Amino acid sequence: MKVFFNQLFDYNYYCNKKLIELCAGLKEVPEESVKLFSHILNAHHLWNARILEKKSLYEVWQIHEVKEWGDIHYENQRSSFEITTNADDFDRRIDYETTEGRLFTNTLGDILFHVINHSTHHRAQISKDFRMNGIEPIPMDYIHYKR
């Protein structure tokens, strides 16, 4: 499982890095894309914090400037690799409280997979937003990454 999750987080890192680089080169990033990518970063950070039983530094819909994205993204990745490297049991139950104050329990593996899937979902929304604003999105399918 460690190898599987490390591959998925490497893929996630690659896609986010490509998106950050593209946005850094734009004169203006569409507002919806800024909102969605900030959310990707915040949610990834929030899930890492839950797993590590730390306080989150960010709100789930907090907006970040494009110039801040790289540092937040790098720290998210570093933290996720720390989690996967030190994990002995991906079926370990993680208790957490949602941003709405509800209590839930999920396995570490389910949470880690959710982080990747959640990011992919919102990157697809960003690609659609780019097209609607005349910006050509970059290919971010997993198979493109593996080629």
# chains A, B, ... in the order shown; residues from 1 in each chain; ligands from 1
>>> closest_atom_pairs(of="region 31-84 of chain A", to="region 124-133 of chain A", cutoff="12 Å", atoms="only C-alpha atoms", output="tab-separated table")
residue	atom	partner	partner_atom	distance
A:Glu31	CA	A:Asp129	CA	9.3
A:Glu32	CA	A:Asp129	CA	7.0
A:Ser33	CA	A:Ile126	CA	5.2
A:Val34	CA	A:Ile126	CA	8.6
A:Lys35	CA	A:Ile126	CA	9.4
A:Leu36	CA	A:Ile126	CA	6.8
A:Phe37	CA	A:Ile126	CA	7.6
A:Ser38	CA	A:Ile126	CA	11.1
A:His39	CA	A:Ile126	CA	11.3
A:Ile40	CA	A:Ile126	CA	10.6
>>> write_last_selection(atoms="C-alpha atoms", output="short mmCIF file (atom, residue, chain, number, x, y, z; two decimals), in the first residue's frame")
data_model
loop_
_atom_site.label_atom_id
_atom_site.label_comp_id
_atom_site.auth_asym_id
_atom_site.auth_seq_id
_atom_site.Cartn_x
_atom_site.Cartn_y
_atom_site.Cartn_z
CA GLU A 31 -11.37 33.81 -10.02
CA GLU A 32 -13.16 30.45 -9.90
CA SER A 33 -9.90 28.62 -10.62
CA VAL A 34 -8.14 30.50 -7.80
CA LYS A 35 -10.98 29.53 -5.47
CA LEU A 36 -10.90 25.87 -6.52
CA PHE A 37 -7.12 25.45 -6.39
CA SER A 38 -6.95 27.19 -3.02
CA HIS A 39 -9.61 24.72 -1.85
CA ILE A 40 -7.54 21.77 -3.15
#
>>> select_by_dssp(residues="chain A", states="helix (DSSP H, G or I)", output="PDB file with N, CA and C atoms, in the first residue's frame")
ATOM      1  N   LYS A   2       2.012   1.210   0.680  1.00  0.00           N
ATOM      2  CA  LYS A   2       2.879   2.394   0.721  1.00  0.00           C
ATOM      3  C   LYS A   2       3.286   2.810  -0.682  1.00  0.00           C
ATOM      4  N   VAL A   3       3.693   1.839  -1.483  1.00  0.00           N
ATOM      5  CA  VAL A   3       4.125   2.147  -2.846  1.00  0.00           C
ATOM      6  C   VAL A   3       2.965   2.735  -3.640  1.00  0.00           C
ATOM      7  N   PHE A   4       1.784   2.122  -3.510  1.00  0.00           N
ATOM      8  CA  PHE A   4       0.595   2.611  -4.208  1.00  0.00           C
ATOM      9  C   PHE A   4       0.293   4.059  -3.839  1.00  0.00           C
ATOM     10  N   PHE A   5       0.244   4.365  -2.553  1.00  0.00           N
ATOM     11  CA  PHE A   5      -0.073   5.724  -2.136  1.00  0.00           C
ATOM     12  C   PHE A   5       1.043   6.707  -2.481  1.00  0.00           C
ATOM     13  N   ASN A   6       2.277   6.271  -2.398  1.00  0.00           N
ATOM     14  CA  ASN A   6       3.371   7.164  -2.802  1.00  0.00           C
ATOM     15  C   ASN A   6       3.281   7.496  -4.288  1.00  0.00           C
ATOM     16  N   GLN A   7       2.889   6.518  -5.114  1.00  0.00           N
ATOM     17  CA  GLN A   7       2.698   6.786  -6.541  1.00  0.00           C
ATOM     18  C   GLN A   7       1.553   7.765  -6.771  1.00  0.00           C
ATOM     19  N   LEU A   8       0.458   7.570  -6.054  1.00  0.00           N
ATOM     20  CA  LEU A   8      -0.682   8.479  -6.211  1.00  0.00           C
ATOM     21  C   LEU A   8      -0.332   9.895  -5.764  1.00  0.00           C
ATOM     22  N   PHE A   9       0.380  10.021  -4.652  1.00  0.00           N
ATOM     23  CA  PHE A   9       0.748  11.355  -4.194  1.00  0.00           C
ATOM     24  C   PHE A   9       1.793  11.997  -5.104  1.00  0.00           C
ATOM     25  N   ASP A  10       2.643  11.186  -5.722  1.00  0.00           N
ATOM     26  CA  ASP A  10       3.579  11.720  -6.694  1.00  0.00           C
ATOM     27  C   ASP A  10       2.817  12.252  -7.913  1.00  0.00           C
ATOM     28  N   TYR A  11       1.829  11.501  -8.369  1.00  0.00           N
ATOM     29  CA  TYR A  11       0.965  11.945  -9.468  1.00  0.00           C
ATOM     30  C   TYR A  11       0.255  13.246  -9.094  1.00  0.00           C
ATOM     31  N   ASN A  12      -0.301  13.295  -7.909  1.00  0.00           N
ATOM     32  CA  ASN A  12      -1.001  14.491  -7.442  1.00  0.00           C
ATOM     33  C   ASN A  12      -0.046  15.692  -7.409  1.00  0.00           C
ATOM     34  N   TYR A  13       1.158  15.453  -6.910  1.00  0.00           N
ATOM     35  CA  TYR A  13       2.167  16.515  -6.843  1.00  0.00           C
ATOM     36  C   TYR A  13       2.505  17.026  -8.238  1.00  0.00           C
ATOM     37  N   TYR A  14       2.707  16.097  -9.163  1.00  0.00           N
ATOM     38  CA  TYR A  14       3.035  16.444 -10.541  1.00  0.00           C
ATOM     39  C   TYR A  14       1.945  17.320 -11.161  1.00  0.00           C
ATOM     40  N   CYS A  15       0.696  16.897 -11.050  1.00  0.00           N
ATOM     41  CA  CYS A  15      -0.416  17.651 -11.639  1.00  0.00           C
ATOM     42  C   CYS A  15      -0.539  19.038 -11.017  1.00  0.00           C
ATOM     43  N   ASN A  16      -0.479  19.092  -9.697  1.00  0.00           N
ATOM     44  CA  ASN A  16      -0.605  20.387  -9.030  1.00  0.00           C
ATOM     45  C   ASN A  16       0.551  21.307  -9.401  1.00  0.00           C
ATOM     46  N   LYS A  17       1.755  20.754  -9.490  1.00  0.00           N
ATOM     47  CA  LYS A  17       2.928  21.561  -9.845  1.00  0.00           C
ATOM     48  C   LYS A  17       2.774  22.131 -11.257  1.00  0.00           C
ATOM     49  N   LYS A  18       2.319  21.303 -12.190  1.00  0.00           N
ATOM     50  CA  LYS A  18       2.086  21.767 -13.565  1.00  0.00           C
ATOM     51  C   LYS A  18       1.039  22.883 -13.591  1.00  0.00           C
ATOM     52  N   LEU A  19      -0.009  22.719 -12.810  1.00  0.00           N
ATOM     53  CA  LEU A  19      -1.066  23.724 -12.754  1.00  0.00           C
ATOM     54  C   LEU A  19      -0.557  25.022 -12.130  1.00  0.00           C
ATOM     55  N   ILE A  20       0.245  24.921 -11.089  1.00  0.00           N
ATOM     56  CA  ILE A  20       0.834  26.097 -10.455  1.00  0.00           C
ATOM     57  C   ILE A  20       1.725  26.837 -11.453  1.00  0.00           C
ATOM     58  N   GLU A  21       2.547  26.090 -12.175  1.00  0.00           N
ATOM     59  CA  GLU A  21       3.437  26.702 -13.161  1.00  0.00           C
ATOM     60  C   GLU A  21       2.646  27.416 -14.252  1.00  0.00           C
ATOM     61  N   LEU A  22       1.578  26.785 -14.737  1.00  0.00           N
ATOM     62  CA  LEU A  22       0.744  27.404 -15.762  1.00  0.00           C
ATOM     63  C   LEU A  22       0.121  28.694 -15.239  1.00  0.00           C
ATOM     64  N   CYS A  23      -0.451  28.633 -14.050  1.00  0.00           N
ATOM     65  CA  CYS A  23      -1.121  29.811 -13.479  1.00  0.00           C
ATOM     66  C   CYS A  23      -0.132  30.936 -13.187  1.00  0.00           C
ATOM     67  N   ALA A  24       1.067  30.597 -12.752  1.00  0.00           N
ATOM     68  CA  ALA A  24       2.087  31.616 -12.462  1.00  0.00           C
ATOM     69  C   ALA A  24       2.460  32.379 -13.731  1.00  0.00           C
ATOM     70  N   GLU A  31     -11.015  33.795 -11.448  1.00  0.00           N
ATOM     71  CA  GLU A  31     -11.370  33.811 -10.019  1.00  0.00           C
ATOM     72  C   GLU A  31     -11.836  32.449  -9.516  1.00  0.00           C
ATOM     73  N   GLU A  32     -12.656  31.770 -10.313  1.00  0.00           N
ATOM     74  CA  GLU A  32     -13.161  30.452  -9.900  1.00  0.00           C
ATOM     75  C   GLU A  32     -12.016  29.443  -9.782  1.00  0.00           C
ATOM     76  N   SER A  33     -11.052  29.527 -10.668  1.00  0.00           N
ATOM     77  CA  SER A  33      -9.897  28.622 -10.616  1.00  0.00           C
ATOM     78  C   SER A  33      -9.045  28.894  -9.382  1.00  0.00           C
ATOM     79  N   VAL A  34      -8.880  30.153  -9.025  1.00  0.00           N
ATOM     80  CA  VAL A  34      -8.142  30.501  -7.797  1.00  0.00           C
ATOM     81  C   VAL A  34      -8.864  29.919  -6.589  1.00  0.00           C
ATOM     82  N   LYS A  35     -10.179  30.071  -6.578  1.00  0.00           N
ATOM     83  CA  LYS A  35     -10.980  29.533  -5.473  1.00  0.00           C
ATOM     84  C   LYS A  35     -10.849  28.018  -5.378  1.00  0.00           C
ATOM     85  N   LEU A  36     -10.955  27.338  -6.511  1.00  0.00           N
ATOM     86  CA  LEU A  36     -10.901  25.870  -6.519  1.00  0.00           C
ATOM     87  C   LEU A  36      -9.515  25.343  -6.169  1.00  0.00           C
ATOM     88  N   PHE A  37      -8.450  25.963  -6.706  1.00  0.00           N
ATOM     89  CA  PHE A  37      -7.123  25.452  -6.389  1.00  0.00           C
ATOM     90  C   PHE A  37      -6.756  25.753  -4.936  1.00  0.00           C
ATOM     91  N   SER A  38      -7.156  26.898  -4.445  1.00  0.00           N
ATOM     92  CA  SER A  38      -6.946  27.187  -3.020  1.00  0.00           C
ATOM     93  C   SER A  38      -7.647  26.136  -2.172  1.00  0.00           C
ATOM     94  N   HIS A  39      -8.847  25.751  -2.572  1.00  0.00           N
ATOM     95  CA  HIS A  39      -9.607  24.720  -1.854  1.00  0.00           C
ATOM     96  C   HIS A  39      -8.878  23.371  -1.898  1.00  0.00           C
ATOM     97  N   ILE A  40      -8.321  23.014  -3.050  1.00  0.00           N
ATOM     98  CA  ILE A  40      -7.538  21.773  -3.147  1.00  0.00           C
ATOM     99  C   ILE A  40      -6.418  21.784  -2.110  1.00  0.00           C
ATOM    100  N   LEU A  41      -5.679  22.890  -2.067  1.00  0.00           N
ATOM    101  CA  LEU A  41      -4.563  23.007  -1.122  1.00  0.00           C
ATOM    102  C   LEU A  41      -5.046  22.958   0.320  1.00  0.00           C
ATOM    103  N   ASN A  42      -6.116  23.674   0.615  1.00  0.00           N
ATOM    104  CA  ASN A  42      -6.643  23.720   1.980  1.00  0.00           C
ATOM    105  C   ASN A  42      -7.145  22.358   2.437  1.00  0.00           C
ATOM    106  N   ALA A  43      -7.889  21.672   1.573  1.00  0.00           N
ATOM    107  CA  ALA A  43      -8.444  20.367   1.939  1.00  0.00           C
ATOM    108  C   ALA A  43      -7.323  19.345   2.158  1.00  0.00           C
ATOM    109  N   HIS A  44      -6.321  19.364   1.298  1.00  0.00           N
ATOM    110  CA  HIS A  44      -5.183  18.445   1.462  1.00  0.00           C
ATOM    111  C   HIS A  44      -4.508  18.709   2.807  1.00  0.00           C
ATOM    112  N   HIS A  45      -4.280  19.979   3.104  1.00  0.00           N
ATOM    113  CA  HIS A  45      -3.664  20.351   4.389  1.00  0.00           C
ATOM    114  C   HIS A  45      -4.551  19.907   5.561  1.00  0.00           C
ATOM    115  N   LEU A  46      -5.838  20.145   5.439  1.00  0.00           N
ATOM    116  CA  LEU A  46      -6.782  19.812   6.510  1.00  0.00           C
ATOM    117  C   LEU A  46      -6.800  18.307   6.788  1.00  0.00           C
ATOM    118  N   TRP A  47      -6.803  17.488   5.730  1.00  0.00           N
ATOM    119  CA  TRP A  47      -6.801  16.041   5.934  1.00  0.00           C
ATOM    120  C   TRP A  47      -5.489  15.573   6.552  1.00  0.00           C
ATOM    121  N   ASN A  48      -4.368  16.146   6.111  1.00  0.00           N
ATOM    122  CA  ASN A  48      -3.081  15.804   6.747  1.00  0.00           C
ATOM    123  C   ASN A  48      -3.126  16.145   8.228  1.00  0.00           C
ATOM    124  N   ALA A  49      -3.652  17.315   8.545  1.00  0.00           N
ATOM    125  CA  ALA A  49      -3.732  17.746   9.949  1.00  0.00           C
ATOM    126  C   ALA A  49      -4.610  16.791  10.760  1.00  0.00           C
ATOM    127  N   ARG A  50      -5.717  16.371  10.195  1.00  0.00           N
ATOM    128  CA  ARG A  50      -6.590  15.422  10.900  1.00  0.00           C
ATOM    129  C   ARG A  50      -5.862  14.116  11.186  1.00  0.00           C
ATOM    130  N   ILE A  51      -5.172  13.610  10.187  1.00  0.00           N
ATOM    131  CA  ILE A  51      -4.446  12.344  10.354  1.00  0.00           C
ATOM    132  C   ILE A  51      -3.372  12.484  11.424  1.00  0.00           C
ATOM    133  N   LEU A  52      -2.656  13.609  11.393  1.00  0.00           N
ATOM    134  CA  LEU A  52      -1.554  13.833  12.331  1.00  0.00           C
ATOM    135  C   LEU A  52      -2.011  14.422  13.668  1.00  0.00           C
ATOM    136  N   VAL A  66      -1.712  33.163  -5.948  1.00  0.00           N
ATOM    137  CA  VAL A  66      -0.998  32.176  -6.757  1.00  0.00           C
ATOM    138  C   VAL A  66       0.448  32.040  -6.290  1.00  0.00           C
ATOM    139  N   LYS A  67       1.064  33.126  -5.902  1.00  0.00           N
ATOM    140  CA  LYS A  67       2.470  33.077  -5.486  1.00  0.00           C
ATOM    141  C   LYS A  67       2.677  32.260  -4.208  1.00  0.00           C
ATOM    142  N   GLU A  68       1.623  32.003  -3.441  1.00  0.00           N
ATOM    143  CA  GLU A  68       1.703  31.199  -2.214  1.00  0.00           C
ATOM    144  C   GLU A  68       1.483  29.708  -2.472  1.00  0.00           C
ATOM    145  N   TRP A  69       0.921  29.372  -3.612  1.00  0.00           N
ATOM    146  CA  TRP A  69       0.511  27.999  -3.886  1.00  0.00           C
ATOM    147  C   TRP A  69       1.652  27.000  -3.800  1.00  0.00           C
ATOM    148  N   GLY A  70       2.792  27.321  -4.369  1.00  0.00           N
ATOM    149  CA  GLY A  70       3.913  26.381  -4.414  1.00  0.00           C
ATOM    150  C   GLY A  70       4.369  25.943  -3.036  1.00  0.00           C
ATOM    151  N   ASP A  71       4.497  26.893  -2.105  1.00  0.00           N
ATOM    152  CA  ASP A  71       4.952  26.562  -0.754  1.00  0.00           C
ATOM    153  C   ASP A  71       3.937  25.700  -0.008  1.00  0.00           C
ATOM    154  N   ILE A  72       2.664  26.040  -0.139  1.00  0.00           N
ATOM    155  CA  ILE A  72       1.613  25.255   0.532  1.00  0.00           C
ATOM    156  C   ILE A  72       1.577  23.851  -0.059  1.00  0.00           C
ATOM    157  N   HIS A  73       1.655  23.780  -1.381  1.00  0.00           N
ATOM    158  CA  HIS A  73       1.628  22.493  -2.068  1.00  0.00           C
ATOM    159  C   HIS A  73       2.802  21.614  -1.644  1.00  0.00           C
ATOM    160  N   TYR A  74       3.992  22.191  -1.595  1.00  0.00           N
ATOM    161  CA  TYR A  74       5.178  21.433  -1.198  1.00  0.00           C
ATOM    162  C   TYR A  74       5.009  20.883   0.221  1.00  0.00           C
ATOM    163  N   GLU A  75       4.530  21.707   1.132  1.00  0.00           N
ATOM    164  CA  GLU A  75       4.349  21.266   2.525  1.00  0.00           C
ATOM    165  C   GLU A  75       3.287  20.172   2.620  1.00  0.00           C
ATOM    166  N   ASN A  76       2.212  20.298   1.849  1.00  0.00           N
ATOM    167  CA  ASN A  76       1.191  19.238   1.821  1.00  0.00           C
ATOM    168  C   ASN A  76       1.802  17.917   1.369  1.00  0.00           C
ATOM    169  N   GLN A  77       2.590  17.979   0.320  1.00  0.00           N
ATOM    170  CA  GLN A  77       3.206  16.764  -0.215  1.00  0.00           C
ATOM    171  C   GLN A  77       4.174  16.155   0.797  1.00  0.00           C
ATOM    172  N   ARG A  78       5.001  16.982   1.395  1.00  0.00           N
ATOM    173  CA  ARG A  78       5.971  16.505   2.381  1.00  0.00           C
ATOM    174  C   ARG A  78       5.252  15.808   3.524  1.00  0.00           C
ATOM    175  N   SER A  79       4.175  16.413   3.991  1.00  0.00           N
ATOM    176  CA  SER A  79       3.406  15.859   5.096  1.00  0.00           C
ATOM    177  C   SER A  79       2.738  14.535   4.701  1.00  0.00           C
ATOM    178  N   SER A  80       2.202  14.464   3.486  1.00  0.00           N
ATOM    179  CA  SER A  80       1.565  13.225   3.029  1.00  0.00           C
ATOM    180  C   SER A  80       2.575  12.097   2.891  1.00  0.00           C
ATOM    181  N   PHE A  81       3.768  12.404   2.386  1.00  0.00           N
ATOM    182  CA  PHE A  81       4.797  11.366   2.294  1.00  0.00           C
ATOM    183  C   PHE A  81       5.255  10.921   3.680  1.00  0.00           C
ATOM    184  N   GLU A  82       5.276  11.839   4.610  1.00  0.00           N
ATOM    185  CA  GLU A  82       5.604  11.473   6.001  1.00  0.00           C
ATOM    186  C   GLU A  82       4.549  10.501   6.538  1.00  0.00           C
ATOM    187  N   ILE A  83       3.294  10.795   6.262  1.00  0.00           N
ATOM    188  CA  ILE A  83       2.192   9.940   6.720  1.00  0.00           C
ATOM    189  C   ILE A  83       2.308   8.546   6.102  1.00  0.00           C
ATOM    190  N   THR A  84       2.479   8.488   4.779  1.00  0.00           N
ATOM    191  CA  THR A  84       2.529   7.171   4.125  1.00  0.00           C
ATOM    192  C   THR A  84       3.778   6.390   4.524  1.00  0.00           C
ATOM    193  N   THR A  85       4.893   7.077   4.686  1.00  0.00           N
ATOM    194  CA  THR A  85       6.143   6.414   5.068  1.00  0.00           C
ATOM    195  C   THR A  85       6.054   5.800   6.458  1.00  0.00           C
ATOM    196  N   ASN A  86       5.401   6.501   7.367  1.00  0.00           N
ATOM    197  CA  ASN A  86       5.319   6.039   8.754  1.00  0.00           C
ATOM    198  C   ASN A  86       4.114   5.147   9.033  1.00  0.00           C
ATOM    199  N   LEU A 108      -7.368   5.128   7.371  1.00  0.00           N
ATOM    200  CA  LEU A 108      -6.292   5.949   6.828  1.00  0.00           C
ATOM    201  C   LEU A 108      -6.248   5.812   5.306  1.00  0.00           C
ATOM    202  N   GLY A 109      -6.359   4.598   4.796  1.00  0.00           N
ATOM    203  CA  GLY A 109      -6.338   4.375   3.358  1.00  0.00           C
ATOM    204  C   GLY A 109      -7.459   5.091   2.632  1.00  0.00           C
ATOM    205  N   ASP A 110      -8.665   5.063   3.204  1.00  0.00           N
ATOM    206  CA  ASP A 110      -9.791   5.757   2.585  1.00  0.00           C
ATOM    207  C   ASP A 110      -9.560   7.266   2.554  1.00  0.00           C
ATOM    208  N   ILE A 111      -9.026   7.804   3.615  1.00  0.00           N
ATOM    209  CA  ILE A 111      -8.768   9.248   3.677  1.00  0.00           C
ATOM    210  C   ILE A 111      -7.694   9.639   2.668  1.00  0.00           C
ATOM    211  N   LEU A 112      -6.614   8.873   2.605  1.00  0.00           N
ATOM    212  CA  LEU A 112      -5.548   9.199   1.658  1.00  0.00           C
ATOM    213  C   LEU A 112      -6.052   9.128   0.220  1.00  0.00           C
ATOM    214  N   PHE A 113      -6.854   8.097  -0.083  1.00  0.00           N
ATOM    215  CA  PHE A 113      -7.412   8.012  -1.430  1.00  0.00           C
ATOM    216  C   PHE A 113      -8.350   9.184  -1.699  1.00  0.00           C
ATOM    217  N   HIS A 114      -9.116   9.576  -0.700  1.00  0.00           N
ATOM    218  CA  HIS A 114     -10.021  10.718  -0.854  1.00  0.00           C
ATOM    219  C   HIS A 114      -9.254  11.987  -1.217  1.00  0.00           C
ATOM    220  N   VAL A 115      -8.116  12.212  -0.579  1.00  0.00           N
ATOM    221  CA  VAL A 115      -7.323  13.422  -0.870  1.00  0.00           C
ATOM    222  C   VAL A 115      -6.977  13.471  -2.357  1.00  0.00           C
ATOM    223  N   ILE A 116      -6.526  12.356  -2.901  1.00  0.00           N
ATOM    224  CA  ILE A 116      -6.157  12.293  -4.319  1.00  0.00           C
ATOM    225  C   ILE A 116      -7.385  12.491  -5.203  1.00  0.00           C
ATOM    226  N   ASN A 117      -8.448  11.760  -4.905  1.00  0.00           N
ATOM    227  CA  ASN A 117      -9.665  11.842  -5.708  1.00  0.00           C
ATOM    228  C   ASN A 117     -10.274  13.240  -5.659  1.00  0.00           C
ATOM    229  N   HIS A 118     -10.285  13.836  -4.506  1.00  0.00           N
ATOM    230  CA  HIS A 118     -10.820  15.187  -4.318  1.00  0.00           C
ATOM    231  C   HIS A 118     -10.036  16.185  -5.167  1.00  0.00           C
ATOM    232  N   SER A 119      -8.727  16.069  -5.136  1.00  0.00           N
ATOM    233  CA  SER A 119      -7.885  16.972  -5.932  1.00  0.00           C
ATOM    234  C   SER A 119      -8.149  16.796  -7.417  1.00  0.00           C
ATOM    235  N   THR A 120      -8.265  15.551  -7.868  1.00  0.00           N
ATOM    236  CA  THR A 120      -8.526  15.272  -9.277  1.00  0.00           C
ATOM    237  C   THR A 120      -9.859  15.876  -9.699  1.00  0.00           C
ATOM    238  N   HIS A 121     -10.865  15.718  -8.871  1.00  0.00           N
ATOM    239  CA  HIS A 121     -12.201  16.256  -9.153  1.00  0.00           C
ATOM    240  C   HIS A 121     -12.131  17.772  -9.376  1.00  0.00           C
ATOM    241  N   HIS A 122     -11.486  18.479  -8.474  1.00  0.00           N
ATOM    242  CA  HIS A 122     -11.441  19.936  -8.591  1.00  0.00           C
ATOM    243  C   HIS A 122     -10.492  20.409  -9.690  1.00  0.00           C
ATOM    244  N   ARG A 123      -9.441  19.643  -9.985  1.00  0.00           N
ATOM    245  CA  ARG A 123      -8.599  20.017 -11.133  1.00  0.00           C
ATOM    246  C   ARG A 123      -9.403  19.925 -12.428  1.00  0.00           C
ATOM    247  N   ALA A 124     -10.312  18.965 -12.512  1.00  0.00           N
ATOM    248  CA  ALA A 124     -11.185  18.864 -13.690  1.00  0.00           C
ATOM    249  C   ALA A 124     -12.083  20.094 -13.786  1.00  0.00           C
ATOM    250  N   GLN A 125     -12.592  20.559 -12.667  1.00  0.00           N
ATOM    251  CA  GLN A 125     -13.402  21.777 -12.673  1.00  0.00           C
ATOM    252  C   GLN A 125     -12.566  22.982 -13.122  1.00  0.00           C
ATOM    253  N   ILE A 126     -11.312  23.016 -12.692  1.00  0.00           N
ATOM    254  CA  ILE A 126     -10.419  24.101 -13.109  1.00  0.00           C
ATOM    255  C   ILE A 126     -10.191  24.031 -14.625  1.00  0.00           C
ATOM    256  N   SER A 127     -10.005  22.842 -15.154  1.00  0.00           N
ATOM    257  CA  SER A 127      -9.825  22.694 -16.607  1.00  0.00           C
ATOM    258  C   SER A 127     -11.036  23.238 -17.357  1.00  0.00           C
ATOM    259  N   LYS A 128     -12.216  22.944 -16.861  1.00  0.00           N
ATOM    260  CA  LYS A 128     -13.439  23.467 -17.488  1.00  0.00           C
ATOM    261  C   LYS A 128     -13.477  24.990 -17.382  1.00  0.00           C
ATOM    262  N   ASP A 129     -13.123  25.525 -16.226  1.00  0.00           N
ATOM    263  CA  ASP A 129     -13.099  26.976 -16.029  1.00  0.00           C
ATOM    264  C   ASP A 129     -12.083  27.626 -16.970  1.00  0.00           C
ATOM    265  N   PHE A 130     -10.940  26.978 -17.135  1.00  0.00           N
ATOM    266  CA  PHE A 130      -9.942  27.506 -18.067  1.00  0.00           C
ATOM    267  C   PHE A 130     -10.536  27.614 -19.469  1.00  0.00           C
ATOM    268  N   ARG A 131     -11.142  26.533 -19.938  1.00  0.00           N
ATOM    269  CA  ARG A 131     -11.730  26.536 -21.290  1.00  0.00           C
ATOM    270  C   ARG A 131     -12.770  27.647 -21.439  1.00  0.00           C
ATOM    271  N   MET A 132     -13.589  27.825 -20.413  1.00  0.00           N
ATOM    272  CA  MET A 132     -14.621  28.864 -20.467  1.00  0.00           C
ATOM    273  C   MET A 132     -14.001  30.266 -20.495  1.00  0.00           C
ATOM    274  N   TYR A 142      -4.149  10.532 -15.310  1.00  0.00           N
ATOM    275  CA  TYR A 142      -3.114   9.676 -14.717  1.00  0.00           C
ATOM    276  C   TYR A 142      -2.265   9.010 -15.797  1.00  0.00           C
ATOM    277  N   ILE A 143      -2.901   8.564 -16.869  1.00  0.00           N
ATOM    278  CA  ILE A 143      -2.156   7.857 -17.909  1.00  0.00           C
ATOM    279  C   ILE A 143      -1.151   8.774 -18.593  1.00  0.00           C
ATOM    280  N   HIS A 144      -1.472  10.061 -18.713  1.00  0.00           N
ATOM    281  CA  HIS A 144      -0.508  11.023 -19.281  1.00  0.00           C
ATOM    282  C   HIS A 144       0.715  11.143 -18.370  1.00  0.00           C
ATOM    283  N   TYR A 145       0.470  11.136 -17.080  1.00  0.00           N
ATOM    284  CA  TYR A 145       1.553  11.190 -16.108  1.00  0.00           C
ATOM    285  C   TYR A 145       2.452   9.955 -16.208  1.00  0.00           C
ATOM    286  N   LYS A 146       1.853   8.788 -16.405  1.00  0.00           N
ATOM    287  CA  LYS A 146       2.607   7.533 -16.451  1.00  0.00           C
ATOM    288  C   LYS A 146       3.376   7.330 -17.761  1.00  0.00           C
TER     289      LYS A 146
END
>>> atom_distance(atom1="CA of Ile63 (chain A)", atom2="CA of Val29 (chain A)")
12.8 Å
>>> select_by_dssp(residues="chain A", states="strand (DSSP E or B)", output="list in words")
Arg93, Ile94, Asp95, Tyr96, Glu97, Leu103, Phe104, Thr105, Asn106 and Thr107 of chain A
>>> atom_distance(atom1="CA of Thr98 (chain A)", atom2="CA of Asp141 (chain A)")
29.2 Å
>>> atom_distance(atom1="CA of Gly101 (chain A)", atom2="CA of Glu59 (chain A)")
13.4 Å
>>> decode(residues="region 23-32 of chain A", atoms="N, CA, C and O atoms", output="CSV table (one decimal), in the first residue's frame")
chain,number,residue,atom,x,y,z
A,23,CYS,N,-0.5,28.6,-14.0
A,23,CYS,CA,-1.1,29.8,-13.5
A,23,CYS,C,-0.1,30.9,-13.2
A,23,CYS,O,-0.5,32.1,-13.4
A,24,ALA,N,1.1,30.6,-12.8
A,24,ALA,CA,2.1,31.6,-12.5
A,24,ALA,C,2.5,32.4,-13.7
A,24,ALA,O,2.9,33.6,-13.7
A,25,GLY,N,2.3,31.8,-14.9
A,25,GLY,CA,2.6,32.4,-16.2
A,25,GLY,C,1.5,33.2,-16.8
A,25,GLY,O,1.7,33.8,-17.8
A,26,LEU,N,0.3,33.1,-16.2
A,26,LEU,CA,-0.9,33.8,-16.8
A,26,LEU,C,-0.9,35.2,-16.2
A,26,LEU,O,-0.5,35.5,-15.1
A,27,LYS,N,-1.4,36.1,-17.1
A,27,LYS,CA,-1.6,37.5,-16.6
A,27,LYS,C,-2.6,37.6,-15.6
A,27,LYS,O,-2.5,38.3,-14.6
A,28,GLU,N,-3.7,36.8,-15.7
A,28,GLU,CA,-4.7,36.7,-14.7
A,28,GLU,C,-5.3,35.3,-14.7
A,28,GLU,O,-5.7,34.8,-15.7
A,29,VAL,N,-5.4,34.8,-13.5
A,29,VAL,CA,-6.0,33.5,-13.3
A,29,VAL,C,-7.5,33.7,-13.0
A,29,VAL,O,-7.8,34.5,-12.2
A,30,PRO,N,-8.4,33.0,-13.7
A,30,PRO,CA,-9.8,33.1,-13.4
A,30,PRO,C,-10.1,33.0,-11.9
A,30,PRO,O,-9.6,32.1,-11.3
A,31,GLU,N,-11.0,33.8,-11.4
A,31,GLU,CA,-11.4,33.8,-10.0
A,31,GLU,C,-11.8,32.4,-9.5
A,31,GLU,O,-11.4,32.0,-8.4
A,32,GLU,N,-12.7,31.8,-10.3
A,32,GLU,CA,-13.2,30.5,-9.9
A,32,GLU,C,-12.0,29.4,-9.8
A,32,GLU,O,-12.0,28.6,-8.9
